[in-house]
>>> print(open('start09.tsv').read())   # TSV, C-alpha atoms
chain	number	residue	atom	x	y	z
A	1	MET	CA	0.00	0.00	0.00
A	2	ASP	CA	1.59	3.33	-1.04
A	3	SER	CA	1.67	6.37	1.24
A	4	SER	CA	-1.15	8.26	-0.49
A	5	THR	CA	-3.46	5.23	-0.31
A	6	LEU	CA	-2.58	4.68	3.34
A	7	SER	CA	-3.36	8.34	4.10
A	8	TYR	CA	-6.71	7.99	2.39
A	9	VAL	CA	-7.61	4.83	4.36
A	10	LEU	CA	-6.61	6.41	7.68
A	11	MET	CA	-8.67	9.48	6.83
A	12	MET	CA	-11.71	7.27	6.23
A	13	LEU	CA	-11.29	5.47	9.58
A	14	VAL	CA	-10.92	8.69	11.56
A	15	SER	CA	-13.91	10.21	9.75
A	16	PHE	CA	-16.13	7.25	10.47
A	17	CYS	CA	-15.26	7.18	14.16
A	18	PHE	CA	-15.84	10.92	14.53
A	19	MET	CA	-19.25	10.83	12.87
A	20	VAL	CA	-20.46	7.71	14.69
A	21	PHE	CA	-19.41	8.78	18.18
A	22	PHE	CA	-20.28	12.49	17.81
A	23	PRO	CA	-23.40	12.45	15.60
A	24	GLY	CA	-25.16	15.24	17.45
A	25	LEU	CA	-22.29	17.70	17.38
A	26	VAL	CA	-24.09	20.10	15.11
A	27	GLN	CA	-27.20	22.20	15.09
A	28	GLY	CA	-26.69	24.40	12.02
A	29	SER	CA	-25.09	27.69	12.95
A	30	SER	CA	-23.60	29.08	9.74
A	31	PRO	CA	-25.03	32.50	8.86
A	32	ALA	CA	-24.54	32.37	5.08
A	33	MET	CA	-23.31	30.31	2.15
A	34	PHE	CA	-20.89	31.29	-0.62
A	35	VAL	CA	-20.90	29.10	-3.73
A	36	PHE	CA	-18.15	28.62	-6.32
A	37	GLY	CA	-18.59	26.28	-9.24
A	38	ASP	CA	-20.03	25.43	-12.62
A	39	SER	CA	-23.45	24.68	-14.12
A	40	LEU	CA	-24.27	22.17	-11.39
A	41	SER	CA	-24.54	25.14	-9.00
A	42	ASP	CA	-25.14	28.16	-11.27
A	43	VAL	CA	-28.34	29.99	-10.30
A	44	GLY	CA	-28.23	32.60	-13.06
A	45	ASN	CA	-24.82	34.25	-13.35
A	46	ASN	CA	-24.46	33.26	-16.99
A	47	ASN	CA	-27.73	35.06	-17.78
A	48	TYR	CA	-25.68	38.25	-17.43
A	49	LEU	CA	-22.96	37.13	-19.84
A	50	HIS	CA	-22.79	37.27	-23.63
A	51	THR	CA	-22.46	33.52	-23.97
A	52	THR	CA	-24.20	30.52	-25.45
A	53	GLU	CA	-23.56	28.61	-22.21
A	54	LYS	CA	-26.75	29.46	-20.35
A	55	CYS	CA	-29.99	27.74	-19.38
A	56	ASN	CA	-32.46	30.59	-19.67
A	57	LEU	CA	-34.99	29.09	-22.07
A	58	PRO	CA	-37.84	26.60	-21.47
A	59	PRO	CA	-38.24	23.85	-20.54
A	60	TYR	CA	-35.42	24.60	-18.06
A	61	GLY	CA	-36.97	25.62	-14.76
A	62	ILE	CA	-40.29	23.92	-15.49
A	63	ASP	CA	-40.49	22.56	-11.92
A	64	TYR	CA	-38.90	25.55	-10.20
A	65	PRO	CA	-41.35	27.78	-8.29
A	66	GLY	CA	-43.03	29.87	-10.99
A	67	GLY	CA	-42.08	27.40	-13.70
A	68	VAL	CA	-39.81	29.87	-15.55
A	69	ALA	CA	-36.30	29.29	-16.90
A	70	ASN	CA	-33.94	31.18	-14.61
A	71	GLY	CA	-30.39	30.07	-15.43
A	72	ARG	CA	-30.40	26.82	-13.48
A	73	CYS	CA	-29.43	23.96	-15.78
A	74	THR	CA	-32.10	21.60	-14.55
A	75	ASN	CA	-35.87	21.27	-14.32
A	76	GLY	CA	-36.06	22.75	-10.81
A	77	LYS	CA	-33.70	23.36	-7.91
A	78	ASN	CA	-30.02	22.45	-8.07
A	79	VAL	CA	-27.54	21.34	-5.41
A	80	ALA	CA	-26.82	24.90	-4.26
A	81	ASP	CA	-30.52	25.48	-3.64
A	82	PHE	CA	-30.94	22.26	-1.69
A	83	LEU	CA	-27.84	22.91	0.41
A	84	ALA	CA	-29.30	26.29	1.35
A	85	ASP	CA	-32.64	24.63	2.17
A	86	GLU	CA	-30.94	22.13	4.46
A	87	LEU	CA	-28.98	24.91	6.17
A	88	GLY	CA	-32.20	26.83	6.73
A	89	MET	CA	-31.21	29.87	4.68
A	90	PRO	CA	-32.29	31.40	1.36
A	91	SER	CA	-30.40	30.20	-1.69
A	92	PRO	CA	-27.74	32.86	-2.39
A	93	LYS	CA	-28.44	35.04	-5.41
A	94	PRO	CA	-26.09	35.15	-8.40
A	95	TYR	CA	-23.29	37.67	-7.88
A	96	LEU	CA	-23.86	39.41	-11.20
A	97	SER	CA	-27.50	40.09	-10.33
A	98	LEU	CA	-26.45	41.78	-7.09
A	99	LEU	CA	-23.76	43.72	-8.93
A	100	GLU	CA	-26.27	44.98	-11.46
A	101	THR	CA	-28.78	46.11	-8.84
A	102	ARG	CA	-26.06	47.39	-6.46
A	103	LYS	CA	-27.63	45.48	-3.55
A	104	ASN	CA	-24.43	45.11	-1.54
A	105	HIS	CA	-26.39	44.62	1.68
A	106	GLU	CA	-27.55	41.27	0.30
A	107	PHE	CA	-23.97	40.00	0.48
A	108	LEU	CA	-24.84	39.22	4.10
A	109	LEU	CA	-27.24	36.55	2.80
A	110	GLY	CA	-24.40	34.84	0.93
A	111	VAL	CA	-23.48	34.96	-2.74
A	112	ASN	CA	-23.44	32.43	-5.58
A	113	PHE	CA	-20.51	32.93	-7.97
A	114	ALA	CA	-20.97	29.67	-9.93
A	115	SER	CA	-20.95	29.88	-13.71
A	116	SER	CA	-22.00	27.32	-16.30
A	117	SER	CA	-18.99	25.84	-18.17
A	118	ALA	CA	-16.51	27.18	-15.60
A	119	GLY	CA	-13.42	25.23	-14.67
A	120	ILE	CA	-10.48	25.22	-12.33
A	121	LEU	CA	-8.32	26.20	-15.29
A	122	SER	CA	-9.01	29.64	-16.73
A	123	SER	CA	-8.53	28.13	-20.20
A	124	THR	CA	-11.53	25.82	-19.75
A	125	TYR	CA	-14.27	27.22	-22.04
A	126	GLU	CA	-12.47	30.55	-21.83
A	127	GLY	CA	-14.63	33.51	-22.82
A	128	LEU	CA	-17.89	31.61	-22.28
A	129	CYS	CA	-18.04	31.64	-18.49
A	130	ILE	CA	-16.66	33.00	-15.24
A	131	SER	CA	-13.58	30.95	-14.40
A	132	LEU	CA	-12.88	29.93	-10.81
A	133	ASP	CA	-10.06	32.47	-10.63
A	134	THR	CA	-12.47	35.24	-11.61
A	135	GLN	CA	-15.11	33.93	-9.21
A	136	ILE	CA	-12.55	34.31	-6.43
A	137	ASP	CA	-11.76	37.84	-7.66
A	138	TYR	CA	-15.47	38.61	-7.30
A	139	TYR	CA	-15.49	37.12	-3.81
A	140	SER	CA	-12.54	39.34	-2.89
A	141	SER	CA	-14.64	42.35	-3.93
A	142	VAL	CA	-17.49	41.10	-1.75
A	143	PHE	CA	-15.11	40.69	1.17
A	144	GLU	CA	-13.84	44.24	0.75
A	145	ALA	CA	-17.41	45.57	0.59
A	146	LEU	CA	-18.27	43.76	3.83
A	147	VAL	CA	-15.17	45.12	5.55
A	148	GLU	CA	-16.17	48.62	4.50
A	149	LYS	CA	-19.65	48.01	5.87
A	150	MET	CA	-18.88	46.13	9.11
A	151	GLY	CA	-15.17	46.44	9.81
A	152	ILE	CA	-12.52	43.74	9.62
A	153	SER	CA	-13.32	41.93	12.88
A	154	GLN	CA	-17.05	41.59	12.27
A	155	THR	CA	-16.47	40.58	8.66
A	156	GLN	CA	-14.00	37.88	9.64
A	157	ARG	CA	-16.35	36.55	12.30
A	158	PHE	CA	-19.18	36.40	9.76
A	159	ILE	CA	-17.11	34.87	6.96
A	160	SER	CA	-15.33	32.32	9.13
A	161	SER	CA	-18.69	30.96	10.32
A	162	SER	CA	-20.17	30.81	6.82
A	163	ILE	CA	-20.18	27.79	4.50
A	164	PHE	CA	-18.05	27.86	1.34
A	165	VAL	CA	-19.24	25.42	-1.32
A	166	ILE	CA	-16.80	24.33	-4.04
A	167	ASN	CA	-18.44	22.37	-6.84
A	168	ILE	CA	-16.10	22.41	-9.83
A	169	GLY	CA	-13.79	20.25	-11.95
A	170	SER	CA	-16.25	18.56	-14.30
A	171	ASN	CA	-15.60	20.85	-17.24
A	172	ASP	CA	-11.85	20.50	-16.85
A	173	ILE	CA	-12.35	16.76	-17.23
A	174	LEU	CA	-14.58	17.23	-20.27
A	175	VAL	CA	-11.87	19.23	-22.09
A	176	TYR	CA	-9.07	16.78	-21.23
A	177	ASN	CA	-6.80	16.58	-24.27
A	178	GLY	CA	-5.31	13.11	-23.95
A	179	THR	CA	-2.08	13.83	-22.05
A	180	SER	CA	-1.11	11.73	-19.02
A	181	LEU	CA	-4.11	11.29	-16.70
A	182	SER	CA	-2.02	11.63	-13.55
A	183	ASN	CA	-0.12	14.67	-14.82
A	184	TYR	CA	-3.33	16.42	-15.82
A	185	VAL	CA	-4.97	15.78	-12.46
A	186	SER	CA	-1.82	16.93	-10.66
A	187	PHE	CA	-1.97	20.18	-12.63
A	188	LEU	CA	-5.64	20.63	-11.71
A	189	ILE	CA	-4.93	19.97	-8.03
A	190	SER	CA	-1.94	22.31	-7.85
A	191	THR	CA	-4.04	25.05	-9.43
A	192	LEU	CA	-6.94	24.30	-7.09
A	193	GLU	CA	-4.64	24.47	-4.07
A	194	CYS	CA	-3.66	28.04	-4.87
A	195	GLN	CA	-7.31	28.93	-5.40
A	196	LEU	CA	-8.49	27.43	-2.11
A	197	LYS	CA	-5.70	29.20	-0.26
A	198	ARG	CA	-6.79	32.50	-1.79
A	199	ILE	CA	-10.27	31.92	-0.37
A	200	TYR	CA	-8.78	30.87	2.96
A	201	ASN	CA	-6.72	34.06	3.11
A	202	LEU	CA	-9.99	35.95	2.84
A	203	SER	CA	-11.24	34.34	6.06
A	204	ALA	CA	-13.07	31.25	4.74
A	205	ARG	CA	-12.80	28.40	7.23
A	206	LYS	CA	-15.65	25.98	6.44
A	207	PHE	CA	-15.38	24.28	3.06
A	208	VAL	CA	-17.90	21.94	1.47
A	209	PHE	CA	-16.21	20.25	-1.48
A	210	MET	CA	-18.51	18.44	-3.90
A	211	GLY	CA	-16.43	15.87	-5.75
A	212	THR	CA	-16.87	15.31	-9.46
A	213	GLU	CA	-19.44	12.79	-10.67
A	214	PRO	CA	-19.06	9.73	-12.91
A	215	ILE	CA	-18.84	12.14	-15.83
A	216	GLY	CA	-18.27	9.35	-18.31
A	217	CYS	CA	-21.81	8.14	-17.57
A	218	TRP	CA	-23.48	11.46	-18.32
A	219	PRO	CA	-25.89	11.00	-21.25
A	220	ALA	CA	-23.75	13.17	-23.55
A	221	GLU	CA	-20.72	10.95	-22.95
A	222	ARG	CA	-22.72	7.74	-23.38
A	223	ALA	CA	-24.16	9.06	-26.65
A	224	LYS	CA	-20.66	9.22	-28.12
A	225	ASN	CA	-20.56	5.41	-27.90
A	226	LYS	CA	-23.30	5.02	-30.49
A	227	SER	CA	-23.15	1.24	-30.74
A	228	THR	CA	-23.41	0.48	-27.02
A	229	GLY	CA	-24.28	3.67	-25.10
A	230	ASP	CA	-21.66	2.64	-22.55
A	231	CYS	CA	-19.91	5.04	-20.19
A	232	ASN	CA	-16.69	6.80	-21.15
A	233	ILE	CA	-14.14	4.90	-19.08
A	234	GLU	CA	-11.37	7.49	-19.36
A	235	ALA	CA	-13.59	10.34	-18.15
A	236	ASN	CA	-14.61	8.24	-15.16
A	237	GLN	CA	-10.99	7.39	-14.38
A	238	LEU	CA	-10.17	11.10	-14.41
A	239	SER	CA	-13.05	11.83	-12.07
A	240	VAL	CA	-12.04	9.15	-9.57
A	241	LEU	CA	-8.41	10.30	-9.58
A	242	PHE	CA	-9.42	13.94	-9.22
A	243	ASN	CA	-11.63	13.16	-6.23
A	244	GLU	CA	-8.92	11.16	-4.49
A	245	GLN	CA	-6.39	13.94	-4.94
A	246	ALA	CA	-8.83	16.71	-3.99
A	247	ALA	CA	-9.66	14.88	-0.74
A	248	LEU	CA	-5.96	14.58	0.08
A	249	LEU	CA	-5.45	18.27	-0.74
A	250	LEU	CA	-8.11	19.24	1.79
A	251	GLN	CA	-6.52	16.95	4.36
A	252	ARG	CA	-3.15	18.65	3.78
A	253	MET	CA	-4.72	22.07	4.11
A	254	GLN	CA	-6.28	21.10	7.43
A	255	SER	CA	-2.86	19.92	8.62
A	256	GLU	CA	-1.26	23.16	7.49
A	257	TYR	CA	-3.99	25.44	8.84
A	258	ALA	CA	-5.44	24.25	12.14
A	259	ASP	CA	-8.52	26.45	11.75
A	260	VAL	CA	-9.65	24.86	8.47
A	261	ASN	CA	-12.65	22.53	8.58
A	262	TYR	CA	-14.14	20.76	5.61
A	263	SER	CA	-16.68	18.24	4.40
A	264	PHE	CA	-15.80	16.26	1.27
A	265	PHE	CA	-18.72	14.70	-0.56
A	266	ASP	CA	-17.85	11.92	-2.99
A	267	SER	CA	-20.43	12.66	-5.67
A	268	TYR	CA	-18.95	9.93	-7.84
A	269	LYS	CA	-19.69	7.10	-5.42
A	270	GLU	CA	-23.13	8.39	-4.51
A	271	LEU	CA	-24.38	9.12	-8.04
A	272	ASN	CA	-22.90	5.87	-9.28
A	273	LYS	CA	-25.30	4.05	-6.94
A	274	TYR	CA	-28.26	5.75	-8.59
A	275	ILE	CA	-26.93	4.87	-12.04
A	276	ASN	CA	-26.22	1.21	-11.26
A	277	HIS	CA	-29.28	0.58	-9.07
A	278	PRO	CA	-31.85	3.19	-10.10
A	279	GLU	CA	-34.92	1.34	-8.78
A	280	THR	CA	-33.44	1.28	-5.28
A	281	TYR	CA	-33.46	5.07	-5.24
A	282	GLY	CA	-36.81	5.61	-6.92
A	283	PHE	CA	-35.60	6.08	-10.49
A	284	ALA	CA	-36.73	4.33	-13.64
A	285	GLU	CA	-34.21	5.79	-16.13
A	286	ALA	CA	-30.51	6.30	-15.42
A	287	LYS	CA	-28.95	6.43	-18.89
A	288	ALA	CA	-31.05	8.71	-21.08
A	289	ALA	CA	-31.73	12.38	-20.47
A	290	CYS	CA	-35.24	13.62	-19.78
A	291	CYS	CA	-34.91	16.51	-22.24
A	292	GLY	CA	-33.00	16.59	-25.51
A	293	MET	CA	-32.79	15.09	-28.99
A	294	GLY	CA	-31.09	12.12	-30.63
A	295	LEU	CA	-29.56	9.03	-29.05
A	296	LEU	CA	-30.37	8.94	-25.32
A	297	LYS	CA	-31.85	12.43	-25.85
A	298	ALA	CA	-28.29	13.64	-25.50
A	299	GLU	CA	-26.86	14.32	-28.96
A	300	ILE	CA	-28.63	17.68	-29.22
A	301	PRO	CA	-28.99	19.52	-25.89
A	302	CYS	CA	-32.31	20.34	-24.29
A	303	ASN	CA	-33.97	23.29	-26.02
A	304	PRO	CA	-37.47	24.77	-26.51
A	305	TRP	CA	-38.13	22.43	-29.45
A	306	ALA	CA	-36.96	19.24	-27.73
A	307	SER	CA	-39.34	16.77	-26.16
A	308	TYR	CA	-39.07	16.18	-22.43
A	309	CYS	CA	-40.35	13.50	-20.08
A	310	SER	CA	-43.42	13.95	-17.91
A	311	ASN	CA	-42.16	11.64	-15.14
A	312	ARG	CA	-39.20	13.81	-14.26
A	313	THR	CA	-38.83	12.48	-10.72
A	314	GLU	CA	-38.02	9.07	-12.23
A	315	TYR	CA	-35.04	10.31	-14.28
A	316	VAL	CA	-31.51	10.64	-12.92
A	317	PHE	CA	-30.54	13.10	-15.65
A	318	TRP	CA	-32.44	16.13	-16.85
A	319	ASP	CA	-30.36	16.91	-19.95
A	320	SER	CA	-27.12	15.81	-21.60
A	321	TRP	CA	-24.96	16.82	-18.62
A	322	HIS	CA	-27.09	17.76	-15.63
A	323	GLN	CA	-29.08	16.07	-12.90
A	324	THR	CA	-32.80	16.35	-12.39
A	325	GLU	CA	-34.08	18.17	-9.34
A	326	ALA	CA	-34.90	14.76	-7.82
A	327	THR	CA	-31.28	13.63	-8.17
A	328	ALA	CA	-29.89	16.88	-6.77
A	329	MET	CA	-32.16	16.57	-3.73
A	330	LEU	CA	-30.95	13.02	-3.01
A	331	LEU	CA	-27.30	13.97	-3.42
A	332	VAL	CA	-27.59	16.90	-1.02
A	333	SER	CA	-29.50	14.82	1.51
A	334	THR	CA	-26.54	12.43	1.67
A	335	ALA	CA	-23.97	15.24	1.72
A	336	PHE	CA	-25.84	16.82	4.62
A	337	ASP	CA	-26.38	13.78	6.83
A	338	GLY	CA	-24.28	10.98	5.33
A	339	LEU	CA	-21.37	8.95	6.67
A	340	PRO	CA	-17.93	7.90	5.37
A	341	PRO	CA	-16.81	6.86	2.85
A	342	ILE	CA	-19.35	9.00	0.96
A	343	VAL	CA	-18.91	12.16	3.06
A	344	PHE	CA	-15.99	12.89	5.40
A	345	PRO	CA	-14.40	13.81	7.80
A	346	VAL	CA	-17.72	15.40	8.83
A	347	ASN	CA	-20.97	15.86	6.94
A	348	VAL	CA	-22.37	19.28	6.10
A	349	ARG	CA	-24.71	19.35	9.08
A	350	GLN	CA	-21.78	18.78	11.41
A	351	LEU	CA	-19.54	21.23	9.57
A	352	SER	CA	-22.14	23.95	9.92
A	353	GLY	CA	-22.03	23.76	13.70
A	354	LEU	CA	-18.26	23.67	14.12
A	355	HIS	CA	-16.76	26.74	15.77
A	356	ALA	CA	-14.38	28.65	13.52
A	357	GLU	CA	-11.46	30.81	14.57
A	358	ILE	CA	-9.26	33.20	12.64
A	359	ASN	CA	-5.49	32.97	12.94
A	360	ASP	CA	-3.70	36.26	13.57
A	361	HIS	CA	-1.60	36.05	10.41
A	362	VAL	CA	-4.76	36.23	8.30
A	363	VAL	CA	-5.82	39.47	10.02
A	364	GLN	CA	-2.49	40.93	8.99
A	365	PHE	CA	-2.84	39.58	5.45
A	366	VAL	CA	-6.23	41.12	4.73
A	367	SER	CA	-5.35	44.38	6.48
A	368	GLN	CA	-2.36	45.05	4.26
>>> encode(input="start09.tsv", output="structure tokens")
Amino acid sequence: MDSSTLSYVLMMLVSFCFMVFFPGLVQGSSPAMFVFGDSLSDVGNNNYLHTTEKCNLPPYGIDYPGGVANGRCTNGKNVADFLADELGMPSPKPYLSLLETRKNHEFLLGVNFASSSAGILSSTYEGLCISLDTQIDYYSSVFEALVEKMGISQTQRFISSSIFVINIGSNDILVYNGTSLSNYVSFLISTLECQLKRIYNLSARKFVFMGTEPIGCWPAERAKNKSTGDCNIEANQLSVLFNEQAALLLQRMQSEYADVNYSFFDSYKELNKYINHPETYGFAEAKAACCGMGLLKAEIPCNPWASYCSNRTEYVFWDSWHQTEATAMLLVSTAFDGLPPIVFPVNVRQLSGLHAEINDHVVQFVSQ
């Protein structure tokens, strides 16, 4: 057993013991949620961009309150919405909507920076989205606005108690160009490390990291295998490797910064259960999309002229790449209250109640 595998196994054992023996540690106490990510968490930022990568036409949003397309790339709520529901807070509004209306006071309710097609790498779908680096730039502006409004101490207290959701990496896997799998993932992780540390240096202390899914089993990837409709093995290998390395990165960060707390949710393992055993989880269809055209309704993306299923709660996937509302709700339920090895070292409920402190060196950093 190599050292990285041994570290992973030990992390699982510690996580399981902590969550079994201290299950009632948490009664949600985080005041707000800040979301970074891609289309799995976008709640409308791309509506404000000149881009084709947006979900602002019907039948998107058909099951969302009001039944209107709103920028969420699903039929209803997405994982960001359900996380907010579970935390007992309103789903944070898209940053660009708050920027346009100049409602800086709403930063205190949290902010969603996620952007459809975004990646860890700024080159991923460059020009069509808000990259993670730019999302963090936007967060820095929010932090500065809060400091101006409340002062540094109050801002740090507020931010350090808030939940920071990171749900990104899928698009970087989709644009993989065929170089070494391990080298590519290492590059993603080294870039991500710098990004997470930027957020940390702006007082974030509670991280929820949503691992990448079995991307190779998304309908769009299956549809490329026209003869069989099988999953894309390479994309799945990338996703597994990315998740393993992202989990170890968070573990290293917690060792380096004693005031960091995190919850890692293995979306791959959880969603894979729905795909392989759909009936167990209330689904009838786990390969084809609900909305779209062509093979598996995934060769041409969901659009106003595409047919869509009426039994949407029985589909794992809404369109070529995204979950249905029903799937998102199940995923978040497990992230919130689940146990290792799916979610560790604590679940989101437990993370929310952990006390956060700010190290003195960070006060100096943000005051410079």
>>> closest_residue(input="start09.tsv", among="A:Val111, A:Ala298, A:Leu250, A:Leu238", to="A:Phe344", atoms="all atoms listed in the file")
A:Leu250
>>> closest_residue(input="start09.tsv", among="A:Cys55, A:Glu106, A:Met33, A:Leu249", to="A:Leu83", atoms="all atoms listed in the file")
A:Met33
>>> closest_residue(input="start09.tsv", among="A:Val175, A:Val79, A:Leu40, A:Ala145", to="A:Glu126", atoms="all atoms listed in the file")
A:Val175
>>> atom_distance(input="start09.tsv", atom1="atom CA of A:Asn311", atom2="atom CA of A:Lys224")
25.2 Å
>>> residues_around(input="start09.tsv", residues="stretch 271-284 of chain A", least_positions_apart="6", cutoff="12 Å", atoms="all atoms listed in the file", output="ChimeraX atom specification")
/A:210-219,230-231,236,239-240,265,290,309,311-317,322-324,326-332,334-335,342
>>> closest_residue(input="start09.tsv", among="A:Leu128, A:Met150, A:Ile159, A:Leu49", to="A:Glu100", atoms="only C-alpha atoms")
A:Leu49
>>> axis_aligned_box(input="start09.tsv", around="stretch 307-322 of chain A", padding_each_side="4 Å", output="lines of an AutoDock Vina configuration file")
center_x = -34.2
center_y = 13.4
center_z = -18.4
size_x = 26.5
size_y = 16.7
size_z = 23.4
>>> decode(input="start09.tsv", residues="stretch 343-355 of chain A", atoms="N, CA and C atoms", output="PDB file, in the first residue's frame")
ATOM      1  N   VAL A 343     -19.154  10.783   2.615  1.00  0.00           N
ATOM      2  CA  VAL A 343     -18.906  12.161   3.060  1.00  0.00           C
ATOM      3  C   VAL A 343     -18.032  12.119   4.306  1.00  0.00           C
ATOM      4  N   PHE A 344     -16.986  12.944   4.319  1.00  0.00           N
ATOM      5  CA  PHE A 344     -15.992  12.886   5.400  1.00  0.00           C
ATOM      6  C   PHE A 344     -15.168  14.165   5.428  1.00  0.00           C
ATOM      7  N   PRO A 345     -14.423  14.482   6.495  1.00  0.00           N
ATOM      8  CA  PRO A 345     -14.404  13.813   7.802  1.00  0.00           C
ATOM      9  C   PRO A 345     -15.655  14.100   8.635  1.00  0.00           C
ATOM     10  N   VAL A 346     -16.415  15.125   8.240  1.00  0.00           N
ATOM     11  CA  VAL A 346     -17.722  15.401   8.829  1.00  0.00           C
ATOM     12  C   VAL A 346     -18.690  15.638   7.691  1.00  0.00           C
ATOM     13  N   ASN A 347     -19.991  15.520   7.966  1.00  0.00           N
ATOM     14  CA  ASN A 347     -20.966  15.863   6.945  1.00  0.00           C
ATOM     15  C   ASN A 347     -21.284  17.353   7.046  1.00  0.00           C
ATOM     16  N   VAL A 348     -22.117  17.845   6.153  1.00  0.00           N
ATOM     17  CA  VAL A 348     -22.373  19.282   6.096  1.00  0.00           C
ATOM     18  C   VAL A 348     -23.107  19.765   7.347  1.00  0.00           C
ATOM     19  N   ARG A 349     -24.007  18.962   7.863  1.00  0.00           N
ATOM     20  CA  ARG A 349     -24.709  19.354   9.077  1.00  0.00           C
ATOM     21  C   ARG A 349     -23.710  19.584  10.219  1.00  0.00           C
ATOM     22  N   GLN A 350     -22.776  18.655  10.356  1.00  0.00           N
ATOM     23  CA  GLN A 350     -21.781  18.777  11.412  1.00  0.00           C
ATOM     24  C   GLN A 350     -20.832  19.943  11.160  1.00  0.00           C
ATOM     25  N   LEU A 351     -20.428  20.119   9.922  1.00  0.00           N
ATOM     26  CA  LEU A 351     -19.542  21.228   9.573  1.00  0.00           C
ATOM     27  C   LEU A 351     -20.174  22.566   9.926  1.00  0.00           C
ATOM     28  N   SER A 352     -21.449  22.697   9.678  1.00  0.00           N
ATOM     29  CA  SER A 352     -22.137  23.953   9.919  1.00  0.00           C
ATOM     30  C   SER A 352     -22.040  24.388  11.369  1.00  0.00           C
ATOM     31  N   GLY A 353     -22.035  23.430  12.288  1.00  0.00           N
ATOM     32  CA  GLY A 353     -22.026  23.756  13.702  1.00  0.00           C
ATOM     33  C   GLY A 353     -20.655  23.874  14.326  1.00  0.00           C
ATOM     34  N   LEU A 354     -19.600  23.573  13.559  1.00  0.00           N
ATOM     35  CA  LEU A 354     -18.260  23.673  14.125  1.00  0.00           C
ATOM     36  C   LEU A 354     -17.875  25.130  14.352  1.00  0.00           C
ATOM     37  N   HIS A 355     -17.220  25.390  15.462  1.00  0.00           N
ATOM     38  CA  HIS A 355     -16.756  26.742  15.773  1.00  0.00           C
ATOM     39  C   HIS A 355     -15.530  27.054  14.931  1.00  0.00           C
TER      40      HIS A 355
END
